[in-house]
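S.K.: Got a structure for you, questions after.
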Amino acid sequence: MYIVSDILIRTAFEGLRDSMSEIITVKDLVEVYSDGTKAIQRISFDVDEGQFFGFLGPNGAGKSTTIKVLTTLLRKTSGAVTVAGYDLDKDPKEIRKLIGVQSQETVVDGDLTGKENMILQGNLHQMRGRSLEERVDELLKLVELSDVAKKRAAFYSGGMKKRLDLASALVHRPKLLFLDEPTTGLDPQSRATMWTYLGKLNKDEGITIFLTTQYMEEADKLCRQVSIIDRGQIVASGSPSELKQEIGADAITLSFAEDDERNGGAKAKARELLAAIPGVGNIVDSDSGMTVYAKDASSMIVDIVRAFDANQLHLSSINLSRPSLDDVFLKHTGHRIRTEELVKPPSGMRFRRGRR
Ligand SMILES: Nc1ncnc2c1ncn2[C@@H]1O[C@H](COP(=O)(O)OP(=O)(O)OP(=O)(O)O)[C@@H](O)[C@H]1O
Ligand SMILES: [Mg+2]
């Protein structure tokens, strides 16, 4: 009897701990807009408390729609969602108290100074007086806007506005932060600065971050867990390294000089030639050519070029790279998340080596 009750208590405790560790649970979420657009088609995922979670996908994938639903701005069509332990339908007010949101469009009021923008945010969360002032000053310091705090936000650069937006989302000390493409449109330096702040917030302050991005490098660098979304469906989930390991090989991207038809069905011919080269693994067609996966791809390049030359298959470029999240995306969707700029030589073919 004693043993049985001990097991029961332990099981109940573990169940409780599991449900406590998930700060977001999404089960079979569907979102259909009033014009009939099926933006989200039955997605399910969980985010653990303290996680830096990335929602990675191209334009129109459904990232903002998902964020709008989870942050109570948009009513879901169907599915079950909890955020910060509360049911989305039953307790939206409680959820709003615990989350911070930086939406995709900057919502800075240009007529107010940076500091006034933040004070206003605090007021919306019933914060007032000295403690609000202190919190605002602390955050302006974090995002390095203290020097321009008294300047009208209309005169801020794009990167400064994004930083002000981020700081505004943090005024009421949310435990969960939603960031919808916080670095899109920023120059590389501003993006790197933003990454530093986000890393600090997650690591030092323990804030759970739900970040959407179109940048694979960003998800790879910042996030410990990612879900990749395309056309309203999650196509892969895991840690960036798990997902890349799944590819298990280097990638050789081949682009053909002419389109497939004018090249006499180049892809089919290429597949045949590649299959005869020892060590060639998976071959996936892409828009302008194909990607070949192989364990030791560099040793294979010469064989490929020779075989193609001998069969009058004209390549415009070859690119050798280590697996990236883009390869994960390609493997699951058959297309790339972003059109890649391959080196286009004036004539013939050039070979570029590097990381995408
Ligand atoms: N209010 C709306 N009414 C109808 N369709 C919409 C609406 N908002 C978005 N959509 C459509 O829903 C789909 C998902 O859009 P969403 O904005 O969620 O994509 P996204 O992943 O955030 O893209 P982006 O990276 O461009 O911001 C798209 O097909 C989009 O055109
Ligand atoms: Mg969006």
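Labels used: A, B, ... for chains in the order of the structure tokens, numbers from 1 for residues in each chain, and numbers from 1 for ligands as shown.
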Would you mind listing the residues within 9 Å of ligand 1, counting only C-alpha atoms and all ligand atoms, as a VMD selection string?
M.R.: chain A and resid 31 to 40 56 to 68 104 180 to 181 212 to 214 229 to 232
S.K.: Export N, CA and C atoms of the chosen residues as a short mmCIF file (atom, residue, chain, number, x, y, z; two decimals), in the first residue's frame?
M.R.:
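The file below, out-v3.cif, is the result:
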data_model
loop_
_atom_site.label_atom_id
_atom_site.label_comp_id
_atom_site.auth_asym_id
_atom_site.auth_seq_id
_atom_site.Cartn_x
_atom_site.Cartn_y
_atom_site.Cartn_z
N GLU A 31 -5.81 28.19 -38.41
CA GLU A 31 -6.26 29.57 -38.56
C GLU A 31 -6.67 29.81 -40.01
N VAL A 32 -7.94 30.08 -40.18
CA VAL A 32 -8.45 30.40 -41.51
C VAL A 32 -8.96 31.84 -41.45
N TYR A 33 -8.41 32.71 -42.31
CA TYR A 33 -8.86 34.11 -42.32
C TYR A 33 -10.24 34.21 -42.96
N SER A 34 -10.89 35.36 -42.75
CA SER A 34 -12.27 35.50 -43.21
C SER A 34 -12.40 35.39 -44.73
N ASP A 35 -11.30 35.66 -45.46
CA ASP A 35 -11.38 35.52 -46.93
C ASP A 35 -11.12 34.07 -47.38
N GLY A 36 -10.98 33.16 -46.42
CA GLY A 36 -10.79 31.75 -46.75
C GLY A 36 -9.34 31.29 -46.77
N THR A 37 -8.38 32.24 -46.59
CA THR A 37 -6.95 31.85 -46.59
C THR A 37 -6.66 30.94 -45.40
N LYS A 38 -6.14 29.74 -45.72
CA LYS A 38 -5.77 28.82 -44.64
C LYS A 38 -4.33 29.11 -44.23
N ALA A 39 -4.15 30.03 -43.31
CA ALA A 39 -2.79 30.47 -42.96
C ALA A 39 -2.07 29.44 -42.11
N ILE A 40 -2.80 28.75 -41.21
CA ILE A 40 -2.20 27.73 -40.35
C ILE A 40 -3.02 26.46 -40.48
N LEU A 56 11.01 29.34 -37.68
CA LEU A 56 11.74 29.73 -38.87
C LEU A 56 10.93 29.42 -40.12
N GLY A 57 10.80 30.40 -41.00
CA GLY A 57 10.05 30.13 -42.23
C GLY A 57 10.09 31.30 -43.18
N PRO A 58 9.80 31.05 -44.47
CA PRO A 58 9.86 32.12 -45.48
C PRO A 58 8.63 33.04 -45.41
N ASN A 59 8.56 34.02 -46.30
CA ASN A 59 7.41 34.93 -46.38
C ASN A 59 6.12 34.14 -46.53
N GLY A 60 5.12 34.55 -45.77
CA GLY A 60 3.79 33.94 -45.93
C GLY A 60 3.65 32.56 -45.31
N ALA A 61 4.67 32.12 -44.56
CA ALA A 61 4.62 30.76 -43.99
C ALA A 61 3.57 30.62 -42.89
N GLY A 62 3.28 31.74 -42.22
CA GLY A 62 2.29 31.69 -41.13
C GLY A 62 2.88 32.06 -39.78
N LYS A 63 4.05 32.67 -39.77
CA LYS A 63 4.74 33.01 -38.52
C LYS A 63 3.97 34.08 -37.74
N SER A 64 3.66 35.20 -38.43
CA SER A 64 2.97 36.29 -37.73
C SER A 64 1.58 35.86 -37.30
N THR A 65 0.92 35.07 -38.15
CA THR A 65 -0.42 34.59 -37.79
C THR A 65 -0.34 33.81 -36.48
N THR A 66 0.66 32.92 -36.38
CA THR A 66 0.81 32.13 -35.16
C THR A 66 1.06 33.03 -33.95
N ILE A 67 1.96 34.00 -34.11
CA ILE A 67 2.25 34.92 -33.00
C ILE A 67 0.98 35.69 -32.62
N LYS A 68 0.22 36.14 -33.60
CA LYS A 68 -1.00 36.91 -33.29
C LYS A 68 -1.98 36.05 -32.49
N GLN A 104 5.83 42.65 -35.84
CA GLN A 104 6.70 42.76 -37.02
C GLN A 104 6.82 44.23 -37.48
N ASP A 180 8.52 39.14 -33.34
CA ASP A 180 8.20 38.79 -34.72
C ASP A 180 9.20 39.47 -35.66
N GLU A 181 10.15 38.70 -36.12
CA GLU A 181 11.22 39.17 -37.01
C GLU A 181 11.88 40.45 -36.50
N THR A 212 10.39 34.73 -34.26
CA THR A 212 10.21 34.28 -35.65
C THR A 212 11.30 34.92 -36.49
N THR A 213 11.73 34.20 -37.49
CA THR A 213 12.76 34.73 -38.37
C THR A 213 12.73 34.06 -39.73
N GLN A 214 13.26 34.79 -40.72
CA GLN A 214 13.45 34.18 -42.04
C GLN A 214 14.91 33.84 -42.22
N ILE A 229 8.57 26.22 -40.36
CA ILE A 229 7.20 26.27 -40.87
C ILE A 229 7.22 26.70 -42.33
N ASP A 230 6.37 26.05 -43.10
CA ASP A 230 6.24 26.40 -44.52
C ASP A 230 4.79 26.20 -44.92
N ARG A 231 4.20 27.21 -45.54
CA ARG A 231 2.81 27.16 -46.02
C ARG A 231 1.86 26.64 -44.96
N GLY A 232 2.01 27.19 -43.76
CA GLY A 232 1.07 26.87 -42.69
C GLY A 232 1.27 25.53 -42.02
#
S.K.: Using DSSP secondary structure from the backbone, list all strand (DSSP E or B) positions within region 73-270 of chain A, as a PyMOL selection string.
M.R.: chain A and resi 78-83+86-87+99-102+113+152+176-180+208-213+225-230+233-238+250-256
S.K.: What does the file look like for those residues with C-alpha atoms, as a CSV table (one decimal), in the first residue's frame?
M.R.:
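Result written to result_11.csv:
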chain,number,residue,atom,x,y,z
A,78,SER,CA,-9.7,25.7,-33.9
A,79,GLY,CA,-7.2,23.8,-31.8
A,80,ALA,CA,-6.1,23.9,-28.1
A,81,VAL,CA,-3.5,26.5,-26.9
A,82,THR,CA,-2.1,27.3,-23.5
A,83,VAL,CA,0.3,30.2,-22.8
A,86,TYR,CA,-3.5,29.7,-19.1
A,87,ASP,CA,-6.0,28.6,-21.6
A,99,ILE,CA,3.8,38.3,-22.1
A,100,GLY,CA,5.7,40.9,-24.0
A,101,VAL,CA,5.2,41.4,-27.7
A,102,GLN,CA,7.4,43.0,-30.4
A,113,THR,CA,10.6,60.7,-27.2
A,152,ARG,CA,11.7,62.3,-30.6
A,176,LEU,CA,7.6,35.2,-22.0
A,177,LEU,CA,8.7,37.4,-24.9
A,178,PHE,CA,7.3,37.1,-28.5
A,179,LEU,CA,9.5,38.7,-31.2
A,180,ASP,CA,8.2,38.8,-34.7
A,208,THR,CA,11.6,32.6,-22.5
A,209,ILE,CA,11.8,33.8,-26.0
A,210,PHE,CA,9.6,32.9,-29.0
A,211,LEU,CA,11.3,34.4,-32.0
A,212,THR,CA,10.2,34.3,-35.6
A,213,THR,CA,12.8,34.7,-38.4
A,225,GLN,CA,15.0,24.7,-30.3
A,226,VAL,CA,13.4,25.4,-33.7
A,227,SER,CA,10.3,24.6,-35.6
A,228,ILE,CA,10.5,25.1,-39.3
A,229,ILE,CA,7.2,26.3,-40.9
A,230,ASP,CA,6.2,26.4,-44.5
A,233,GLN,CA,2.6,23.5,-41.7
A,234,ILE,CA,5.5,22.6,-39.5
A,235,VAL,CA,7.9,20.6,-41.5
A,236,ALA,CA,10.7,19.9,-39.0
A,237,SER,CA,11.4,20.5,-35.3
A,238,GLY,CA,14.4,20.0,-33.1
A,250,ASP,CA,28.0,18.1,-47.1
A,251,ALA,CA,26.0,19.6,-49.8
A,252,ILE,CA,27.0,20.3,-53.4
A,253,THR,CA,24.7,22.7,-55.1
A,254,LEU,CA,24.7,22.5,-58.9
A,255,SER,CA,23.1,25.2,-61.1
A,256,PHE,CA,22.6,24.6,-64.8
S.K.: So that I can check the surroundings of region 292-298 of chain A, please list as a list in words every protein, DNA and RNA residue that reaches within 6 Å of it, counting only C-alpha atoms and ignoring chain neighbours fewer than 2 positions away.
M.R.: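 Everything that qualifies: Ala249, Asp250, Ala251, Ile252, Val280, Gly281, Asn282, Ile283, Met300 and Ile301 of chain A.
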S.K.: Excluding region 147-151 of chain A and its own-chain neighbours fewer than 5 positions away, which residues fall within 10 Å of it when counting only C-alpha atoms? Please give them as a list of chain:residue names.
M.R.: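 Within the cut-off, the hits are A:Gly110, A:Asp111, A:Leu112, A:Thr113, A:Gly114, A:Lys115, A:Glu116, A:Asn117, A:Met118, A:Val136, A:Asp137, A:Leu140, A:Lys141, A:Tyr156, A:Met160, A:Leu164.
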S.K.: Write to file, as an mmCIF file, in the first residue's frame, the residues of the selection just made, with N, CA and C atoms.
M.R.:
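Contents of the output file out_25.cif:
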data_model
loop_
_atom_site.group_PDB
_atom_site.id
_atom_site.type_symbol
_atom_site.label_atom_id
_atom_site.label_comp_id
_atom_site.auth_asym_id
_atom_site.auth_seq_id
_atom_site.Cartn_x
_atom_site.Cartn_y
_atom_site.Cartn_z
ATOM 1 N N GLY A 110 6.265 58.375 -33.236
ATOM 2 C CA GLY A 110 7.323 59.304 -33.610
ATOM 3 C C GLY A 110 7.229 60.660 -32.941
ATOM 4 N N ASP A 111 6.025 61.047 -32.477
ATOM 5 C CA ASP A 111 5.861 62.359 -31.847
ATOM 6 C C ASP A 111 6.379 62.377 -30.411
ATOM 7 N N LEU A 112 6.530 61.178 -29.833
ATOM 8 C CA LEU A 112 7.019 61.092 -28.452
ATOM 9 C C LEU A 112 8.515 60.790 -28.443
ATOM 10 N N THR A 113 9.167 61.102 -27.350
ATOM 11 C CA THR A 113 10.586 60.733 -27.227
ATOM 12 C C THR A 113 10.648 59.228 -26.947
ATOM 13 N N GLY A 114 11.864 58.684 -27.038
ATOM 14 C CA GLY A 114 12.035 57.258 -26.753
ATOM 15 C C GLY A 114 11.535 56.932 -25.356
ATOM 16 N N LYS A 115 11.907 57.772 -24.396
ATOM 17 C CA LYS A 115 11.529 57.519 -23.004
ATOM 18 C C LYS A 115 10.009 57.617 -22.824
ATOM 19 N N GLU A 116 9.409 58.637 -23.457
ATOM 20 C CA GLU A 116 7.945 58.783 -23.337
ATOM 21 C C GLU A 116 7.208 57.577 -23.920
ATOM 22 N N ASN A 117 7.737 57.061 -25.019
ATOM 23 C CA ASN A 117 7.142 55.851 -25.609
ATOM 24 C C ASN A 117 7.105 54.727 -24.578
ATOM 25 N N MET A 118 8.207 54.584 -23.846
ATOM 26 C CA MET A 118 8.293 53.487 -22.889
ATOM 27 C C MET A 118 7.428 53.720 -21.654
ATOM 28 N N VAL A 136 12.366 51.922 -16.867
ATOM 29 C CA VAL A 136 12.567 52.462 -18.212
ATOM 30 C C VAL A 136 14.041 52.834 -18.421
ATOM 31 N N ASP A 137 14.634 53.505 -17.424
ATOM 32 C CA ASP A 137 16.051 53.896 -17.550
ATOM 33 C C ASP A 137 16.949 52.673 -17.696
ATOM 34 N N LEU A 140 16.484 51.321 -21.226
ATOM 35 C CA LEU A 140 17.105 52.188 -22.240
ATOM 36 C C LEU A 140 18.605 51.964 -22.252
ATOM 37 N N LYS A 141 19.157 51.701 -21.069
ATOM 38 C CA LYS A 141 20.586 51.429 -20.965
ATOM 39 C C LYS A 141 20.907 50.100 -21.662
ATOM 40 N N TYR A 156 14.745 58.570 -34.926
ATOM 41 C CA TYR A 156 15.552 57.359 -34.698
ATOM 42 C C TYR A 156 15.761 56.628 -36.030
ATOM 43 N N MET A 160 17.383 51.680 -34.313
ATOM 44 C CA MET A 160 17.065 52.277 -33.001
ATOM 45 C C MET A 160 15.585 52.058 -32.672
ATOM 46 N N LEU A 164 14.038 50.205 -29.487
ATOM 47 C CA LEU A 164 13.067 50.851 -28.603
ATOM 48 C C LEU A 164 11.825 49.965 -28.453
#
S.K.: Between A:Trp195, A:Phe55, A:Phe329, A:Phe155, which is the closest to ligand 2 once you count only C-alpha atoms and all ligand atoms?
M.R.: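 The shortest atom-to-atom distance to ligand 2 comes from A:Phe55.
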